[in-house]
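Colleague: Supplied structure: entry.tsv, TSV, C-alpha atoms and all ligand atoms.
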chain	number	residue	atom	x	y	z
A	1	MET	CA	105.21	98.66	95.88
A	2	LYS	CA	101.56	99.51	95.42
A	3	VAL	CA	98.62	97.11	95.25
A	4	THR	CA	95.43	98.01	93.40
A	5	ILE	CA	92.41	96.10	92.16
A	6	ASP	CA	90.89	96.73	88.76
A	7	ALA	CA	87.17	96.90	89.57
A	8	GLY	CA	86.39	96.31	85.93
A	9	LEU	CA	88.08	92.92	86.05
A	10	CYS	CA	87.31	91.69	89.60
A	11	THR	CA	84.51	89.10	89.62
A	12	GLY	CA	84.08	89.13	93.40
A	13	CYS	CA	85.15	85.50	93.75
A	14	SER	CA	86.70	86.39	97.16
A	15	LEU	CA	89.71	84.12	96.70
A	16	CYS	CA	92.13	86.92	97.56
A	17	VAL	CA	90.20	87.76	100.73
A	18	THR	CA	90.29	84.13	101.83
A	19	ASP	CA	94.00	83.75	101.04
A	20	VAL	CA	95.34	87.11	102.29
A	21	PRO	CA	92.80	88.80	104.58
A	22	GLU	CA	95.56	91.08	105.89
A	23	VAL	CA	95.63	92.86	102.52
A	24	PHE	CA	92.24	92.29	100.86
A	25	GLU	CA	88.62	92.64	101.99
A	26	MET	CA	85.25	92.38	100.30
A	27	GLY	CA	83.51	95.69	99.69
A	28	ASP	CA	79.81	96.43	99.98
A	29	ASP	CA	79.65	96.32	96.20
A	30	GLY	CA	80.69	92.65	96.20
A	31	LEU	CA	84.13	93.37	94.79
A	32	ALA	CA	87.50	93.04	96.51
A	33	LYS	CA	89.18	96.11	98.04
A	34	VAL	CA	92.76	96.71	99.12
A	35	LEU	CA	93.19	97.19	102.88
A	36	VAL	CA	96.94	97.80	102.81
A	37	GLU	CA	98.03	99.56	99.62
A	38	SER	CA	101.76	99.40	100.29
A	39	PRO	CA	102.50	96.17	102.18
A	40	ASP	CA	106.05	95.36	103.27
A	41	GLY	CA	108.04	92.17	103.70
A	42	GLU	CA	106.07	88.96	103.93
A	43	LEU	CA	102.78	90.71	103.22
A	44	ALA	CA	104.21	92.17	100.03
A	45	GLU	CA	105.19	88.69	98.89
A	46	LYS	CA	101.74	87.35	99.71
A	47	ALA	CA	100.11	90.16	97.73
A	48	LYS	CA	102.37	89.44	94.75
A	49	ASP	CA	101.55	85.73	94.89
A	50	GLU	CA	97.86	86.54	95.05
A	51	ALA	CA	98.13	88.73	91.96
A	52	LEU	CA	99.24	85.58	90.14
A	53	ASN	CA	96.48	83.50	91.74
A	54	CYS	CA	93.61	85.87	90.96
A	55	PRO	CA	91.55	84.11	88.27
A	56	ALA	CA	90.57	87.45	86.72
A	57	ALA	CA	94.07	88.99	86.84
A	58	ALA	CA	92.43	91.93	88.63
A	59	ILE	CA	95.16	92.48	91.23
A	60	LEU	CA	97.75	94.91	89.94
A	61	ILE	CA	101.20	95.30	91.50
A	62	GLU	CA	103.34	98.38	90.87
A	63	GLU	CA	106.93	98.03	92.03
A	101	LIG	S1	90.76	86.96	93.57
A	101	LIG	FE1	90.65	88.52	91.95
A	101	LIG	S2	88.60	88.29	91.04
A	101	LIG	FE2	88.59	87.25	93.05
A	101	LIG	S3	87.82	88.80	94.48
A	101	LIG	FE3	90.08	88.91	94.52
A	101	LIG	S4	90.60	90.51	92.99
A	101	LIG	FE4	88.47	89.89	92.62
I need this file expressed as structure tokens, please.
Ligand code: SF4
Modeller:
Amino acid sequence: MKVTIDAGLCTGCSLCVTDVPEVFEMGDDGLAKVLVESPDGELAEKAKDEALNCPAAAILIEE
């Protein structure tokens, strides 16, 4: 799987960084960035859950 963030949708709320800091971090531009683009196992599940939790639907998951 591959995790990406649509910078045009991300509002910089930082929810994903708080919930899954292993995968997401805040960038200097105030928007979330992906630390681990192809997480495995438990991290992959967390990233998928966070895609559903993101209020802006900015986290994209490609299987
Ligand atoms: S939860 Fe969504 S909108 Fe908020 S910082 Fe993360 S990607 Fe951006």
Colleague: Got a sec to check which residues lie within 10 Å of ligand LIG 101 (chain A), using all atoms listed in the file, and send them as a ChimeraX atom specification?
Modeller: /A:4-20,24-27,30-34,50-60
Colleague: Residues near Glu42 (chain A), anyone? I mean within 12 Å using only C-alpha atoms, not counting same-chain ones fewer than 6 positions away, as a VMD selection string.
Modeller: chain A and resid 20 22 to 23 48 to 49
Colleague: Write the residues you've just listed into a file as a PDB file, keeping the file's coordinate frame, and include C-alpha atoms for each of them.
Modeller:
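This is the output file selection27.pdb:
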ATOM      1  CA  VAL A  20      95.340  87.110 102.290  1.00  0.00           C
ATOM      2  CA  GLU A  22      95.560  91.080 105.890  1.00  0.00           C
ATOM      3  CA  VAL A  23      95.630  92.860 102.520  1.00  0.00           C
ATOM      4  CA  LYS A  48     102.370  89.440  94.750  1.00  0.00           C
ATOM      5  CA  ASP A  49     101.550  85.730  94.890  1.00  0.00           C
TER       6      ASP A  49
END
Colleague: Would you pick out the contacts of Met1 (chain A) at 6 Å or less, using all atoms listed in the file, so that residues sharing its chain but fewer than 5 positions from it are not included, and give the list as a PyMOL selection string?
Modeller: chain A and resi 38+62-63
Colleague: Report as JSON the centre and the edge lengths, in Å to one decimal, of the axis-aligned box holding every listed atom of region 27-42 of chain A, padded by 4 Å on each side.
Modeller:
{"center_x": 93.8, "center_y": 94.3, "center_z": 99.4, "size_x": 36.4, "size_y": 18.6, "size_z": 17.1}
Colleague: Export N, CA and C atoms of region 18-49 of chain A from the structure just given, as a PDB file, in the first residue's frame?
Modeller:
ATOM      1  N   THR A  18      -0.979  13.671  15.632  1.00  0.00           N
ATOM      2  CA  THR A  18      -1.243  13.322  17.030  1.00  0.00           C
ATOM      3  C   THR A  18      -1.589  11.841  17.153  1.00  0.00           C
ATOM      4  N   ASP A  19      -2.409  11.340  16.238  1.00  0.00           N
ATOM      5  CA  ASP A  19      -2.894   9.964  16.335  1.00  0.00           C
ATOM      6  C   ASP A  19      -1.841   8.937  15.903  1.00  0.00           C
ATOM      7  N   VAL A  20      -1.122   9.223  14.827  1.00  0.00           N
ATOM      8  CA  VAL A  20      -0.172   8.236  14.285  1.00  0.00           C
ATOM      9  C   VAL A  20       1.157   8.922  13.937  1.00  0.00           C
ATOM     10  N   PRO A  21       1.905   9.320  14.966  1.00  0.00           N
ATOM     11  CA  PRO A  21       3.169  10.036  14.706  1.00  0.00           C
ATOM     12  C   PRO A  21       4.220   9.177  14.023  1.00  0.00           C
ATOM     13  N   GLU A  22       3.996   7.841  14.033  1.00  0.00           N
ATOM     14  CA  GLU A  22       4.954   6.953  13.338  1.00  0.00           C
ATOM     15  C   GLU A  22       4.877   7.136  11.818  1.00  0.00           C
ATOM     16  N   VAL A  23       3.734   7.623  11.341  1.00  0.00           N
ATOM     17  CA  VAL A  23       3.518   7.709   9.890  1.00  0.00           C
ATOM     18  C   VAL A  23       3.438   9.153   9.389  1.00  0.00           C
ATOM     19  N   PHE A  24       2.917  10.055  10.246  1.00  0.00           N
ATOM     20  CA  PHE A  24       2.681  11.429   9.792  1.00  0.00           C
ATOM     21  C   PHE A  24       3.472  12.431  10.634  1.00  0.00           C
ATOM     22  N   GLU A  25       3.904  13.506   9.983  1.00  0.00           N
ATOM     23  CA  GLU A  25       4.551  14.610  10.701  1.00  0.00           C
ATOM     24  C   GLU A  25       4.075  15.909  10.088  1.00  0.00           C
ATOM     25  N   MET A  26       4.241  17.004  10.876  1.00  0.00           N
ATOM     26  CA  MET A  26       3.881  18.310  10.343  1.00  0.00           C
ATOM     27  C   MET A  26       5.065  18.882   9.588  1.00  0.00           C
ATOM     28  N   GLY A  27       4.820  19.422   8.413  1.00  0.00           N
ATOM     29  CA  GLY A  27       5.869  20.040   7.627  1.00  0.00           C
ATOM     30  C   GLY A  27       6.035  21.510   7.978  1.00  0.00           C
ATOM     31  N   ASP A  28       7.112  22.090   7.485  1.00  0.00           N
ATOM     32  CA  ASP A  28       7.378  23.508   7.732  1.00  0.00           C
ATOM     33  C   ASP A  28       6.296  24.408   7.142  1.00  0.00           C
ATOM     34  N   ASP A  29       5.573  23.878   6.167  1.00  0.00           N
ATOM     35  CA  ASP A  29       4.506  24.661   5.542  1.00  0.00           C
ATOM     36  C   ASP A  29       3.184  24.569   6.304  1.00  0.00           C
ATOM     37  N   GLY A  30       3.202  23.865   7.457  1.00  0.00           N
ATOM     38  CA  GLY A  30       1.994  23.771   8.268  1.00  0.00           C
ATOM     39  C   GLY A  30       1.022  22.702   7.807  1.00  0.00           C
ATOM     40  N   LEU A  31       1.449  21.895   6.859  1.00  0.00           N
ATOM     41  CA  LEU A  31       0.609  20.799   6.373  1.00  0.00           C
ATOM     42  C   LEU A  31       1.253  19.471   6.743  1.00  0.00           C
ATOM     43  N   ALA A  32       0.434  18.431   6.830  1.00  0.00           N
ATOM     44  CA  ALA A  32       0.946  17.113   7.210  1.00  0.00           C
ATOM     45  C   ALA A  32       1.767  16.497   6.078  1.00  0.00           C
ATOM     46  N   LYS A  33       2.790  15.729   6.461  1.00  0.00           N
ATOM     47  CA  LYS A  33       3.625  14.985   5.513  1.00  0.00           C
ATOM     48  C   LYS A  33       3.629  13.510   5.912  1.00  0.00           C
ATOM     49  N   VAL A  34       3.928  12.674   4.951  1.00  0.00           N
ATOM     50  CA  VAL A  34       4.008  11.236   5.208  1.00  0.00           C
ATOM     51  C   VAL A  34       5.463  10.859   5.493  1.00  0.00           C
ATOM     52  N   LEU A  35       5.685  10.270   6.674  1.00  0.00           N
ATOM     53  CA  LEU A  35       7.030   9.824   7.058  1.00  0.00           C
ATOM     54  C   LEU A  35       7.343   8.458   6.471  1.00  0.00           C
ATOM     55  N   VAL A  36       6.346   7.577   6.511  1.00  0.00           N
ATOM     56  CA  VAL A  36       6.515   6.202   6.025  1.00  0.00           C
ATOM     57  C   VAL A  36       5.491   5.971   4.920  1.00  0.00           C
ATOM     58  N   GLU A  37       5.924   5.986   3.676  1.00  0.00           N
ATOM     59  CA  GLU A  37       4.976   5.927   2.557  1.00  0.00           C
ATOM     60  C   GLU A  37       4.356   4.554   2.352  1.00  0.00           C
ATOM     61  N   SER A  38       5.081   3.522   2.765  1.00  0.00           N
ATOM     62  CA  SER A  38       4.553   2.157   2.576  1.00  0.00           C
ATOM     63  C   SER A  38       4.609   1.383   3.886  1.00  0.00           C
ATOM     64  N   PRO A  39       3.768   1.754   4.856  1.00  0.00           N
ATOM     65  CA  PRO A  39       3.792   1.056   6.149  1.00  0.00           C
ATOM     66  C   PRO A  39       3.264  -0.374   6.023  1.00  0.00           C
ATOM     67  N   ASP A  40       3.737  -1.225   6.931  1.00  0.00           N
ATOM     68  CA  ASP A  40       3.308  -2.630   6.958  1.00  0.00           C
ATOM     69  C   ASP A  40       2.521  -2.903   8.237  1.00  0.00           C
ATOM     70  N   GLY A  41       1.807  -4.011   8.234  1.00  0.00           N
ATOM     71  CA  GLY A  41       1.193  -4.549   9.440  1.00  0.00           C
ATOM     72  C   GLY A  41       0.333  -3.563  10.196  1.00  0.00           C
ATOM     73  N   GLU A  42       0.637  -3.438  11.490  1.00  0.00           N
ATOM     74  CA  GLU A  42      -0.186  -2.606  12.363  1.00  0.00           C
ATOM     75  C   GLU A  42      -0.165  -1.145  11.922  1.00  0.00           C
ATOM     76  N   LEU A  43       0.994  -0.707  11.454  1.00  0.00           N
ATOM     77  CA  LEU A  43       1.102   0.692  11.010  1.00  0.00           C
ATOM     78  C   LEU A  43       0.234   0.949   9.785  1.00  0.00           C
ATOM     79  N   ALA A  44       0.153  -0.037   8.917  1.00  0.00           N
ATOM     80  CA  ALA A  44      -0.697   0.099   7.734  1.00  0.00           C
ATOM     81  C   ALA A  44      -2.156   0.253   8.152  1.00  0.00           C
ATOM     82  N   GLU A  45      -2.561  -0.532   9.152  1.00  0.00           N
ATOM     83  CA  GLU A  45      -3.941  -0.441   9.632  1.00  0.00           C
ATOM     84  C   GLU A  45      -4.208   0.914  10.258  1.00  0.00           C
ATOM     85  N   LYS A  46      -3.223   1.408  11.026  1.00  0.00           N
ATOM     86  CA  LYS A  46      -3.386   2.728  11.643  1.00  0.00           C
ATOM     87  C   LYS A  46      -3.517   3.819  10.583  1.00  0.00           C
ATOM     88  N   ALA A  47      -2.705   3.713   9.541  1.00  0.00           N
ATOM     89  CA  ALA A  47      -2.757   4.716   8.474  1.00  0.00           C
ATOM     90  C   ALA A  47      -4.113   4.681   7.772  1.00  0.00           C
ATOM     91  N   LYS A  48      -4.636   3.466   7.557  1.00  0.00           N
ATOM     92  CA  LYS A  48      -5.949   3.340   6.911  1.00  0.00           C
ATOM     93  C   LYS A  48      -7.043   3.948   7.786  1.00  0.00           C
ATOM     94  N   ASP A  49      -6.974   3.644   9.090  1.00  0.00           N
ATOM     95  CA  ASP A  49      -7.972   4.219  10.011  1.00  0.00           C
ATOM     96  C   ASP A  49      -7.898   5.737   9.987  1.00  0.00           C
TER      97      ASP A  49
END
